[in-house]
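Everything below belongs to start35.pdb, which stores PDB, C-alpha atoms and all ligand atoms.
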ATOM      1  CA  MET G   1      21.933 -17.167  -3.738
ATOM      2  CA  SER G   2      23.518 -13.835  -4.531
ATOM      3  CA  SER G   3      26.912 -13.022  -3.085
ATOM      4  CA  GLU G   4      27.180 -10.802  -0.022
ATOM      5  CA  SER G   5      28.877  -8.008  -1.960
ATOM      6  CA  SER G   6      26.158  -7.917  -4.625
ATOM      7  CA  LEU G   7      23.440  -7.894  -1.926
ATOM      8  CA  ARG G   8      25.180  -4.964  -0.196
ATOM      9  CA  ALA G   9      25.235  -3.125  -3.528
ATOM     10  CA  ASP G  10      21.552  -3.948  -4.137
ATOM     11  CA  ILE G  11      20.554  -2.501  -0.734
ATOM     12  CA  VAL G  12      22.474   0.703  -1.532
ATOM     13  CA  GLU G  13      20.714   0.965  -4.905
ATOM     14  CA  VAL G  14      17.219   0.296  -3.534
ATOM     15  CA  GLY G  15      17.817   2.826  -0.730
ATOM     16  CA  ARG G  16      18.913   5.406  -3.284
ATOM     17  CA  ARG G  17      15.785   4.800  -5.384
ATOM     18  CA  MET G  18      13.455   4.984  -2.356
ATOM     19  CA  TYR G  19      14.961   8.299  -1.266
ATOM     20  CA  ALA G  20      14.991   9.702  -4.824
ATOM     21  CA  ARG G  21      11.305   8.845  -5.244
ATOM     22  CA  GLY G  22      10.397  10.513  -1.949
ATOM     23  CA  TYR G  23       9.397   7.256  -0.227
ATOM     24  CA  THR G  24      11.596   8.225   2.710
ATOM     25  CA  ALA G  25      12.719  11.535   4.201
ATOM     26  CA  SER G  26      15.793  12.089   6.309
ATOM     27  CA  ASN G  27      16.797   8.765   7.938
ATOM     28  CA  ASP G  28      13.400   7.032   7.511
ATOM     29  CA  GLY G  29      12.889   3.524   6.202
ATOM     30  CA  ASN G  30      14.855   0.301   6.384
ATOM     31  CA  ILE G  31      15.811  -2.642   4.204
ATOM     32  CA  SER G  32      16.982  -6.185   4.935
ATOM     33  CA  VAL G  33      17.810  -9.376   3.015
ATOM     34  CA  ARG G  34      18.531 -12.957   4.040
ATOM     35  CA  LEU G  35      22.204 -13.820   3.936
ATOM     36  CA  GLY G  36      22.181 -17.597   3.847
ATOM     37  CA  ALA G  37      20.016 -19.659   6.166
ATOM     38  CA  ASP G  38      20.642 -17.965   9.500
ATOM     39  CA  ARG G  39      21.867 -14.425   8.956
ATOM     40  CA  LEU G  40      20.433 -11.103   7.755
ATOM     41  CA  LEU G  41      22.046  -8.154   6.023
ATOM     42  CA  MET G  42      20.349  -4.959   7.174
ATOM     43  CA  THR G  43      20.494  -1.195   6.844
ATOM     44  CA  PRO G  44      21.939   0.563   9.909
ATOM     45  CA  LYS G  45      20.212   2.935  12.301
ATOM     46  CA  SER G  46      20.214   6.705  11.709
ATOM     47  CA  VAL G  47      21.407   6.782   8.112
ATOM     48  CA  CYS G  48      19.740   8.456   5.127
ATOM     49  CA  LYS G  49      18.792   5.667   2.705
ATOM     50  CA  GLY G  50      19.727   7.881  -0.230
ATOM     51  CA  PHE G  51      23.390   8.146   0.752
ATOM     52  CA  MET G  52      24.421   4.673   1.952
ATOM     53  CA  THR G  53      27.604   2.827   1.045
ATOM     54  CA  PRO G  54      27.957  -0.994   0.982
ATOM     55  CA  ASP G  55      30.241  -1.062   4.047
ATOM     56  CA  MET G  56      27.555   0.552   6.271
ATOM     57  CA  MET G  57      25.357  -2.577   6.446
ATOM     58  CA  CYS G  58      24.992  -4.715   9.566
ATOM     59  CA  ILE G  59      24.905  -8.485   9.720
ATOM     60  CA  THR G  60      22.682 -10.010  12.434
ATOM     61  CA  ASP G  61      21.449 -13.467  13.279
ATOM     62  CA  LEU G  62      17.723 -14.294  13.147
ATOM     63  CA  ASP G  63      17.343 -13.259  16.804
ATOM     64  CA  GLY G  64      18.709  -9.804  16.076
ATOM     65  CA  ARG G  65      22.190 -10.220  17.601
ATOM     66  CA  LYS G  66      24.722  -8.134  15.709
ATOM     67  CA  LEU G  67      27.445 -10.295  14.200
ATOM     68  CA  GLN G  68      29.226  -7.732  12.070
ATOM     69  CA  GLY G  69      29.212  -4.013  11.260
ATOM     70  CA  ASP G  70      30.430  -0.723  12.721
ATOM     71  CA  ARG G  71      26.911   0.605  13.159
ATOM     72  CA  ASP G  72      23.829  -0.666  15.009
ATOM     73  CA  PRO G  73      21.092  -2.356  12.977
ATOM     74  CA  SER G  74      17.859  -0.608  11.994
ATOM     75  CA  SER G  75      15.545   0.594  14.755
ATOM     76  CA  GLU G  76      12.781  -1.463  13.084
ATOM     77  CA  MET G  77      14.823  -4.663  13.240
ATOM     78  CA  LEU G  78      12.169  -6.391  15.394
ATOM     79  CA  MET G  79       9.584  -5.959  12.629
ATOM     80  CA  HIS G  80      11.988  -7.450  10.057
ATOM     81  CA  LEU G  81      12.808 -10.407  12.336
ATOM     82  CA  GLU G  82       9.102 -11.142  12.801
ATOM     83  CA  VAL G  83       8.526 -11.197   9.037
ATOM     84  CA  TYR G  84      11.380 -13.690   8.494
ATOM     85  CA  ARG G  85      10.068 -15.858  11.359
ATOM     86  CA  GLN G  86       6.545 -15.943   9.916
ATOM     87  CA  ARG G  87       7.523 -16.256   6.254
ATOM     88  CA  PRO G  88      10.330 -18.720   5.474
ATOM     89  CA  ASP G  89       9.767 -17.967   1.766
ATOM     90  CA  VAL G  90      10.602 -14.263   2.160
ATOM     91  CA  GLN G  91      14.153 -13.229   1.213
ATOM     92  CA  ALA G  92      13.853  -9.447   1.585
ATOM     93  CA  VAL G  93      11.892  -6.839   3.552
ATOM     94  CA  VAL G  94      11.434  -3.153   2.687
ATOM     95  CA  HIS G  95       9.888  -0.494   4.918
ATOM     96  CA  ALA G  96       9.273   3.114   3.836
ATOM     97  CA  HIS G  97       6.871   6.040   4.210
ATOM     98  CA  PRO G  98       5.697   6.732   0.623
ATOM     99  CA  PRO G  99       3.493   9.805   1.038
ATOM    100  CA  THR G 100       0.295   8.835  -0.788
ATOM    101  CA  ALA G 101       0.129   5.282   0.584
ATOM    102  CA  THR G 102       1.023   6.632   4.029
ATOM    103  CA  GLY G 103      -1.806   9.161   3.596
ATOM    104  CA  PHE G 104      -4.203   6.202   3.238
ATOM    105  CA  ALA G 105      -2.573   4.592   6.302
ATOM    106  CA  VAL G 106      -3.071   7.829   8.257
ATOM    107  CA  ALA G 107      -6.688   8.164   7.091
ATOM    108  CA  GLY G 108      -7.346   4.540   8.066
ATOM    109  CA  ILE G 109      -8.343   3.547   4.508
ATOM    110  CA  PRO G 110      -6.979   0.167   3.337
ATOM    111  CA  LEU G 111      -6.120  -0.298  -0.338
ATOM    112  CA  ASP G 112      -8.414  -3.287  -0.655
ATOM    113  CA  ARG G 113     -10.782  -2.363  -3.483
ATOM    114  CA  ALA G 114     -10.807  -4.342  -6.732
ATOM    115  CA  VAL G 115      -9.607  -1.546  -8.987
ATOM    116  CA  LEU G 116      -6.513  -2.558 -10.966
ATOM    117  CA  ALA G 117      -5.998  -5.992 -12.539
ATOM    118  CA  GLU G 118      -2.206  -5.865 -12.071
ATOM    119  CA  VAL G 119      -2.484  -5.123  -8.357
ATOM    120  CA  LEU G 120      -5.047  -7.907  -7.875
ATOM    121  CA  THR G 121      -2.796 -10.422  -9.615
ATOM    122  CA  THR G 122       0.412  -9.444  -7.830
ATOM    123  CA  LEU G 123      -0.396  -8.135  -4.348
ATOM    124  CA  GLY G 124      -4.120  -8.848  -3.969
ATOM    125  CA  SER G 125      -5.312  -6.566  -1.201
ATOM    126  CA  ILE G 126      -3.252  -4.187   0.941
ATOM    127  CA  PRO G 127      -4.626  -4.101   4.502
ATOM    128  CA  ILE G 128      -3.682  -1.768   7.360
ATOM    129  CA  ALA G 129      -1.857  -3.219  10.348
ATOM    130  CA  GLU G 130      -3.030  -1.613  13.585
ATOM    131  CA  TYR G 131      -1.139   1.358  14.958
ATOM    132  CA  ALA G 132       1.883   0.457  17.034
ATOM    133  CA  THR G 133       4.679   2.578  18.440
ATOM    134  CA  PRO G 134       7.554   2.461  15.914
ATOM    135  CA  SER G 135      10.616   0.441  16.937
ATOM    136  CA  THR G 136       8.804  -1.277  19.871
ATOM    137  CA  ARG G 137       7.654  -4.889  20.205
ATOM    138  CA  GLU G 138       4.109  -3.690  19.394
ATOM    139  CA  LEU G 139       4.938  -3.246  15.715
ATOM    140  CA  PRO G 140       5.874  -6.887  14.995
ATOM    141  CA  GLU G 141       2.681  -7.902  16.841
ATOM    142  CA  ALA G 142       0.589  -5.676  14.547
ATOM    143  CA  VAL G 143       2.357  -6.947  11.427
ATOM    144  CA  ARG G 144       1.961 -10.610  12.429
ATOM    145  CA  LYS G 145      -1.819 -10.571  11.830
ATOM    146  CA  TYR G 146      -1.442  -9.924   8.102
ATOM    147  CA  ILE G 147       2.018 -11.046   7.069
ATOM    148  CA  LYS G 148       1.179 -14.692   6.405
ATOM    149  CA  ALA G 149      -1.432 -13.790   3.775
ATOM    150  CA  HIS G 150      -0.029 -10.533   2.366
ATOM    151  CA  ASP G 151       3.161  -9.375   0.640
ATOM    152  CA  GLY G 152       2.375  -5.718   1.282
ATOM    153  CA  MET G 153       0.549  -3.772   3.974
ATOM    154  CA  LEU G 154       0.076  -0.283   5.303
ATOM    155  CA  LEU G 155       1.091   0.481   8.878
ATOM    156  CA  ALA G 156      -1.509   2.718  10.546
ATOM    157  CA  ASN G 157      -0.268   6.300  11.049
ATOM    158  CA  HIS G 158       3.193   5.254   9.950
ATOM    159  CA  GLY G 159       4.014   3.895   6.466
ATOM    160  CA  ALA G 160       4.145   0.704   4.425
ATOM    161  CA  LEU G 161       5.883  -2.689   4.481
ATOM    162  CA  THR G 162       6.595  -5.038   1.561
ATOM    163  CA  VAL G 163       8.300  -8.418   1.273
ATOM    164  CA  GLY G 164       9.518 -10.553  -1.606
ATOM    165  CA  GLY G 165      11.461 -13.533  -2.899
ATOM    166  CA  ASP G 166      14.359 -11.133  -3.566
ATOM    167  CA  LEU G 167      15.136  -7.503  -2.764
ATOM    168  CA  TYR G 168      13.958  -6.012  -6.073
ATOM    169  CA  SER G 169      10.680  -7.908  -5.857
ATOM    170  CA  ALA G 170      10.057  -6.454  -2.365
ATOM    171  CA  TYR G 171      11.036  -2.965  -3.573
ATOM    172  CA  PHE G 172       8.831  -3.126  -6.684
ATOM    173  CA  LYS G 173       5.874  -4.034  -4.471
ATOM    174  CA  MET G 174       6.528  -0.799  -2.564
ATOM    175  CA  GLU G 175       6.428   1.057  -5.897
ATOM    176  CA  THR G 176       3.179  -0.720  -6.818
ATOM    177  CA  ILE G 177       1.551   0.223  -3.506
ATOM    178  CA  GLU G 178       2.457   3.900  -3.877
ATOM    179  CA  HIS G 179       1.362   3.927  -7.540
ATOM    180  CA  PHE G 180      -1.925   2.226  -6.623
ATOM    181  CA  ALA G 181      -2.481   4.731  -3.801
ATOM    182  CA  LYS G 182      -1.975   7.659  -6.216
ATOM    183  CA  ILE G 183      -4.418   6.196  -8.745
ATOM    184  CA  SER G 184      -6.966   5.446  -6.005
ATOM    185  CA  LEU G 185      -6.694   8.998  -4.695
ATOM    186  CA  VAL G 186      -7.245  10.520  -8.155
ATOM    187  CA  ALA G 187     -10.205   8.197  -8.839
ATOM    188  CA  ARG G 188     -11.772   9.173  -5.529
ATOM    189  CA  LEU G 189     -11.255  12.870  -6.259
ATOM    190  CA  LEU G 190     -12.993  12.308  -9.599
ATOM    191  CA  GLY G 191     -16.035  10.756  -7.951
ATOM    192  CA  GLY G 192     -15.046   7.201  -6.989
ATOM    193  CA  GLU G 193     -13.713   3.986  -8.468
ATOM    194  CA  ASN G 194     -15.690   1.672 -10.725
ATOM    195  CA  LEU G 195     -14.917  -1.651  -9.140
ATOM    196  CA  ILE G 196     -14.013  -4.867 -10.938
ATOM    197  CA  ALA G 197     -16.650  -7.576 -10.412
ATOM    198  CA  ARG G 198     -15.902 -10.453  -8.024
ATOM    199  CA  GLU G 199     -16.150 -12.996 -10.846
ATOM    200  CA  GLU G 200     -13.387 -11.173 -12.729
ATOM    201  CA  VAL G 201     -11.314 -10.899  -9.530
ATOM    202  CA  MET G 202     -11.435 -14.695  -9.251
ATOM    203  CA  ARG G 203     -10.426 -15.066 -12.926
ATOM    204  CA  LEU G 204      -7.458 -12.732 -12.334
ATOM    205  CA  GLN G 205      -6.421 -14.823  -9.370
ATOM    206  CA  GLN G 206      -6.305 -17.918 -11.591
ATOM    207  CA  LEU G 207      -3.900 -16.055 -13.898
ATOM    208  CA  ARG G 208      -1.325 -15.878 -11.087
ATOM    209  CA  GLY G 209      -0.205 -19.414 -11.856
ATOM    210  CA  SER G 210       0.256 -18.837 -15.576
ATOM    211  CA  TYR G 211       2.324 -15.677 -14.935
ATOM    212  CA  GLY G 212       4.388 -17.470 -12.295
ATOM    213  CA  ILE G 213       3.261 -15.044  -9.587
ATOM    214  CA  LYS G 214       3.613 -16.484  -6.110
ATOM    215  CA  ALA G 215       0.936 -14.873  -3.936
ATOM    216  CA  PRO G 216       1.083 -15.716  -0.245
ATOM    217  CA  ALA G 217      -2.653 -16.469   0.069
ATOM    218  CA  PRO G 218      -5.784 -16.674  -2.073
ATOM    219  CA  ILE G 219      -8.366 -13.904  -2.279
ATOM    220  CA  CYS G 220     -11.272 -14.680   0.099
ATOM    221  CA  ALA G 221     -13.988 -16.368  -1.964
ATOM    222  CA  ASP G 222     -16.724 -14.350  -0.330
ATOM    223  CA  LEU G 223     -16.578 -10.806   1.010
ATOM    224  CA  SER G 224     -18.748 -11.861   3.959
ATOM    225  CA  ASP G 225     -16.263 -14.598   4.812
ATOM    226  CA  GLY G 226     -15.613 -12.924   8.166
ATOM    227  CA  ALA G 227     -14.021 -15.929   9.845
ATOM    228  CA  ALA G 228     -11.380 -16.254   7.154
ATOM    229  CA  ALA G 229     -10.748 -12.500   7.099
ATOM    230  CA  ALA G 230     -10.354 -12.250  10.888
ATOM    231  CA  ASP G 231      -7.181 -14.326  10.998
ATOM    232  CA  ALA G 232      -6.101 -13.035   7.602
ATOM    233  CA  SER G 233      -5.662 -16.495   6.106
ATOM    234  CA  CYS G 234      -7.039 -15.113   2.843
ATOM    235  CA  GLN G 235      -7.075 -11.644   1.280
ATOM    236  CA  THR G 236     -10.171  -9.493   1.619
ATOM    237  CA  VAL G 237     -10.902  -7.666  -1.640
ATOM    238  CA  GLN G 238     -13.855  -5.309  -1.999
ATOM    239  CA  ALA G 239     -15.498  -6.415  -5.244
ATOM    240  CA  PRO G 240     -19.192  -6.392  -6.134
ATOM    241  CA  SER G 241     -20.943  -9.507  -7.341
ATOM    242  CA  GLY G 242     -22.178  -9.130 -10.900
ATOM    243  CA  HIS G 243     -20.671  -7.144 -13.723
ATOM    244  CA  GLY G 244     -21.015  -3.380 -13.531
ATOM    245  CA  ALA G 245     -22.414  -3.346 -10.005
ATOM    246  CA  ARG G 246     -20.959  -0.767  -7.652
ATOM    247  CA  LEU G 247     -20.032  -1.782  -4.169
ATOM    248  CA  VAL G 248     -18.907   1.664  -3.128
ATOM    249  CA  PRO G 249     -21.591   4.336  -3.208
ATOM    250  CA  ASP G 250     -21.134   7.324  -5.485
ATOM    251  CA  SER G 251     -19.534  10.381  -3.981
ATOM    252  CA  PRO G 252     -21.779  12.974  -2.300
ATOM    253  CA  PRO G 253     -23.688  15.243  -4.725
ATOM    254  CA  SER G 254     -21.637  17.969  -6.339
ATOM    255  CA  LEU G 255     -22.167  21.660  -5.634
ATOM    256  CA  ALA G 256     -24.079  22.009  -8.926
ATOM    257  CA  GLN G 257     -26.370  19.117  -8.048
ATOM    258  CA  ARG G 258     -27.045  20.542  -4.595
ATOM    259  CA  LEU G 259     -27.716  23.963  -6.087
ATOM    260  CA  ALA G 260     -30.046  22.421  -8.649
ATOM    261  CA  ALA G 261     -31.936  20.630  -5.894
ATOM    262  CA  SER G 262     -32.239  23.800  -3.811
ATOM    263  CA  HIS G 263     -33.442  25.638  -6.936
ATOM    264  CA  GLY G 264     -36.402  23.254  -6.950
ATOM    265  CA  GLY G 265     -36.000  21.990 -10.466
ATOM    266  CA  THR G 266     -33.706  20.176 -12.835
ATOM    267  CA  PRO G 267     -31.891  22.136 -15.518
ATOM    268  CA  ALA G 268     -32.689  21.384 -19.121
ATOM    269  CA  ASP G 269     -29.439  19.500 -19.801
ATOM    270  CA  ALA G 270     -29.692  17.216 -16.801
ATOM    271  CA  SER G 271     -29.060  13.600 -17.660
ATOM    272  CA  PRO G 272     -30.086  11.555 -14.648
ATOM    273  CA  GLU G 273     -29.302   8.248 -16.408
ATOM    274  CA  ALA G 274     -25.638   9.155 -16.479
ATOM    275  CA  GLY G 275     -25.762  10.585 -12.947
ATOM    276  CA  GLU G 276     -24.378  13.799 -14.415
ATOM    277  CA  ILE G 277     -25.748  17.336 -14.651
ATOM    278  CA  ARG G 278     -24.379  19.820 -17.178
ATOM    279  CA  LEU G 279     -24.960  23.515 -16.570
ATOM    280  CA  THR G 280     -24.194  26.551 -18.678
ATOM    281  CA  TYR G 281     -22.322  29.364 -16.951
ATOM    282  CA  ARG G 282     -25.540  31.450 -17.007
ATOM    283  CA  GLU G 283     -27.552  28.623 -15.354
ATOM    284  CA  LEU G 284     -24.882  28.129 -12.715
ATOM    285  CA  SER G 285     -24.733  31.855 -11.924
ATOM    286  CA  ALA G 286     -28.529  31.932 -11.574
ATOM    287  CA  LEU G 287     -28.453  28.921  -9.251
ATOM    288  CA  ILE G 288     -25.739  30.480  -7.089
ATOM    289  CA  GLU G 289     -27.640  33.802  -6.889
ATOM    290  CA  ASP G 290     -30.785  31.917  -5.965
ATOM    291  CA  ALA G 291     -28.990  29.889  -3.281
ATOM    292  CA  VAL G 292     -27.434  33.062  -1.811
ATOM    293  CA  ARG G 293     -30.883  34.730  -1.763
ATOM    294  CA  ASN G 294     -32.274  31.707   0.115
ATOM    295  CA  LEU G 295     -29.517  31.968   2.675
ATOM    296  CA  ARG G 296     -30.378  35.574   3.537
TER
HETATM  297 ZN    ZN G 301       8.964   3.815   9.619
END
Mind turning this structure into structure tokens?
Amino acid sequence: MSSESSLRADIVEVGRRMYARGYTASNDGNISVRLGADRLLMTPKSVCKGFMTPDMMCITDLDGRKLQGDRDPSSEMLMHLEVYRQRPDVQAVVHAHPPTATGFAVAGIPLDRAVLAEVLTTLGSIPIAEYATPSTRELPEAVRKYIKAHDGMLLANHGALTVGGDLYSAYFKMETIEHFAKISLVARLLGGENLIAREEVMRLQQLRGSYGIKAPAPICADLSDGAAAADASCQTVQAPSGHGARLVPDSPPSLAQRLAASHGGTPADASPEAGEIRLTYRELSALIEDAVRNLR
């Protein structure tokens, strides 16, 4: 167990990194760590996480009663308390609003596709906890559904939450979620992710043991395992069965493809096998002129 002074310094450092990376703005976000068996060290209310000092932290008991500190504990204390109640293994909790991951949370899109081996081995899937008014008792309720089986989740229309066996582990999971969200966004802009096959997902899960990664719950064996997914006792990962299969349909046809279709023919360089159509500038101009004529 780390000493109280080093934990205070760690919270200051993690807060500084979160703010510097744009995961929080103004006074957003909060951080807590276990201080022994029955106390928590927590960031205070209404403080920018980029400019904290070690003396600002609050000490509370596991029911949220303040035991020490000049300031009041975080407005999201109830969410932190719920995590510690549900997960005796968790030593630290981090909450922030990293913009890309929060964009997914706002759009209602969970980060649960089998896309990156590292994410599958460490976090598994990243679900979205239902919307709840920040700082109320609704938020711990929403988090409770997923926290037993997940070390990271999005909070609908709000942000993200990560937990870990120590503070840096919880913080690095926040970094992983934001990094994963950025990669997912770029892949979707480029036409969609090629998903990793379910068989490979299961192989990656077996690697957890050999890398010493403690995941809170296994990946659901079957995507249609609705009963298991409903109480979140396993992690739902979108992965197709069979190598190379795509679970997620391709993106809608591009402008060029739609123009080609409206032109009534396929250009000479079309390569339907690859799902790709190449057009020269002259061909594209002709297609656009033709489409505009049809509109008139
Ligand atoms: Zn928040």
Which residues are near ligand ZN 301 (chain G) in this structure, taking near to mean any atom at most 9 Å from a ligand atom and counting all atoms listed in the file? Format them as number ranges by chain. G: 24, 28-30, 75-76, 95-97, 134-135, 155, 158-161
Atom CA of G:Val12 to atom CA of G:Asp72, distance in Å rounded to a single decimal: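 One can read the atom CA of G:Val12 to atom CA of G:Asp72 distance as 16.7 Å.
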Here is a test: counting all atoms listed in the file, which residue of G:Ser241, G:Thr133, G:Gln235, G:Gln86 is nearest to G:Ala156?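 Between G:Ser241, G:Thr133, G:Gln235, G:Gln86, the residue approaching G:Ala156 most closely is G:Thr133.
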Nearby residues (all atoms listed in the file) at most 12 Å from G:Arg65, same-chain spacing under 3 positions excluded, as a list in words: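 Here the answer would be Asp38, Arg39, Leu40, Leu41, Met42, Cys58, Ile59, Thr60, Asp61, Leu62, Gln68, Gly69, Asp72, Pro73, Ser74, Met77, Leu78 and Leu81 of chain G.
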What's the separation between atom CA of G:Thr236 and atom CA of G:Lys182, in Å to one decimal place?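 Taking atom CA of G:Thr236 as the start and atom CA of G:Lys182 as the end point, the length is 20.6 Å.
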What gap, in Å, lies between atom CA of G:Ala114 and atom CA of G:Asn194?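 Result for atom CA of G:Ala114 versus atom CA of G:Asn194: 8.7 Å, one decimal.
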Nearest residue to G:Tyr23 from the set G:Cys48, G:Ala286, G:Leu207, G:Ala217 (distances using all atoms listed in the file):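 Nearest candidate to G:Tyr23 out of G:Cys48, G:Ala286, G:Leu207, G:Ala217: G:Cys48.
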The PyMOL selection byres (((chain G and resi 219) around 8) and not hetatm) applied to the shown file, residues as a PyMOL selection string: chain G and resi 124+202+205+217-218+220-221+234-237
Can you write just those residues out, C-alpha atoms, as a short mmCIF file (atom, residue, chain, number, x, y, z; two decimals), keeping the file's coordinate frame?
data_model
loop_
_atom_site.label_atom_id
_atom_site.label_comp_id
_atom_site.auth_asym_id
_atom_site.auth_seq_id
_atom_site.Cartn_x
_atom_site.Cartn_y
_atom_site.Cartn_z
CA GLY G 124 -4.12 -8.85 -3.97
CA MET G 202 -11.44 -14.70 -9.25
CA GLN G 205 -6.42 -14.82 -9.37
CA ALA G 217 -2.65 -16.47 0.07
CA PRO G 218 -5.78 -16.67 -2.07
CA CYS G 220 -11.27 -14.68 0.10
CA ALA G 221 -13.99 -16.37 -1.96
CA CYS G 234 -7.04 -15.11 2.84
CA GLN G 235 -7.08 -11.64 1.28
CA THR G 236 -10.17 -9.49 1.62
CA VAL G 237 -10.90 -7.67 -1.64
#
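If all atoms listed in the file are the atoms counted, then among G:Arg203, G:Thr122, G:Leu195, G:Ala101 the closest residue to G:Met153 is G:Ala101.
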Just say which residues the PyMOL selection byres (((chain G and resi 149) around 7) and not hetatm) picks in this file, as a list in words. Tyr146, Ile147, Lys148, His150, Pro216, Ala217, Ala232, Ser233, Cys234 and Gln235 of chain G
Selection file, C-alpha atoms, as a short mmCIF file (atom, residue, chain, number, x, y, z; two decimals), in the frame of the given file:
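Below you can see out04.cif, which holds the result:
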data_model
loop_
_atom_site.label_atom_id
_atom_site.label_comp_id
_atom_site.auth_asym_id
_atom_site.auth_seq_id
_atom_site.Cartn_x
_atom_site.Cartn_y
_atom_site.Cartn_z
CA TYR G 146 -1.44 -9.92 8.10
CA ILE G 147 2.02 -11.05 7.07
CA LYS G 148 1.18 -14.69 6.40
CA HIS G 150 -0.03 -10.53 2.37
CA PRO G 216 1.08 -15.72 -0.24
CA ALA G 217 -2.65 -16.47 0.07
CA ALA G 232 -6.10 -13.04 7.60
CA SER G 233 -5.66 -16.50 6.11
CA CYS G 234 -7.04 -15.11 2.84
CA GLN G 235 -7.08 -11.64 1.28
#
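Evaluating the PyMOL selection byres (((chain G and resi 53) around 12) and not hetatm) against the shown model yields G:Ser5, G:Leu7, G:Arg8, G:Ala9, G:Asp10, G:Ile11, G:Val12, G:Glu13, G:Val14, G:Gly15, G:Arg16, G:Thr43, G:Pro44, G:Val47, G:Cys48, G:Lys49, G:Gly50, G:Phe51, G:Met52, G:Pro54, G:Asp55, G:Met56, G:Met57, G:Cys58.
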Among listed residues G:Leu111, G:Met18, G:Leu185, G:Leu190, nearest G:Ser125 (using only C-alpha atoms): G:Leu111
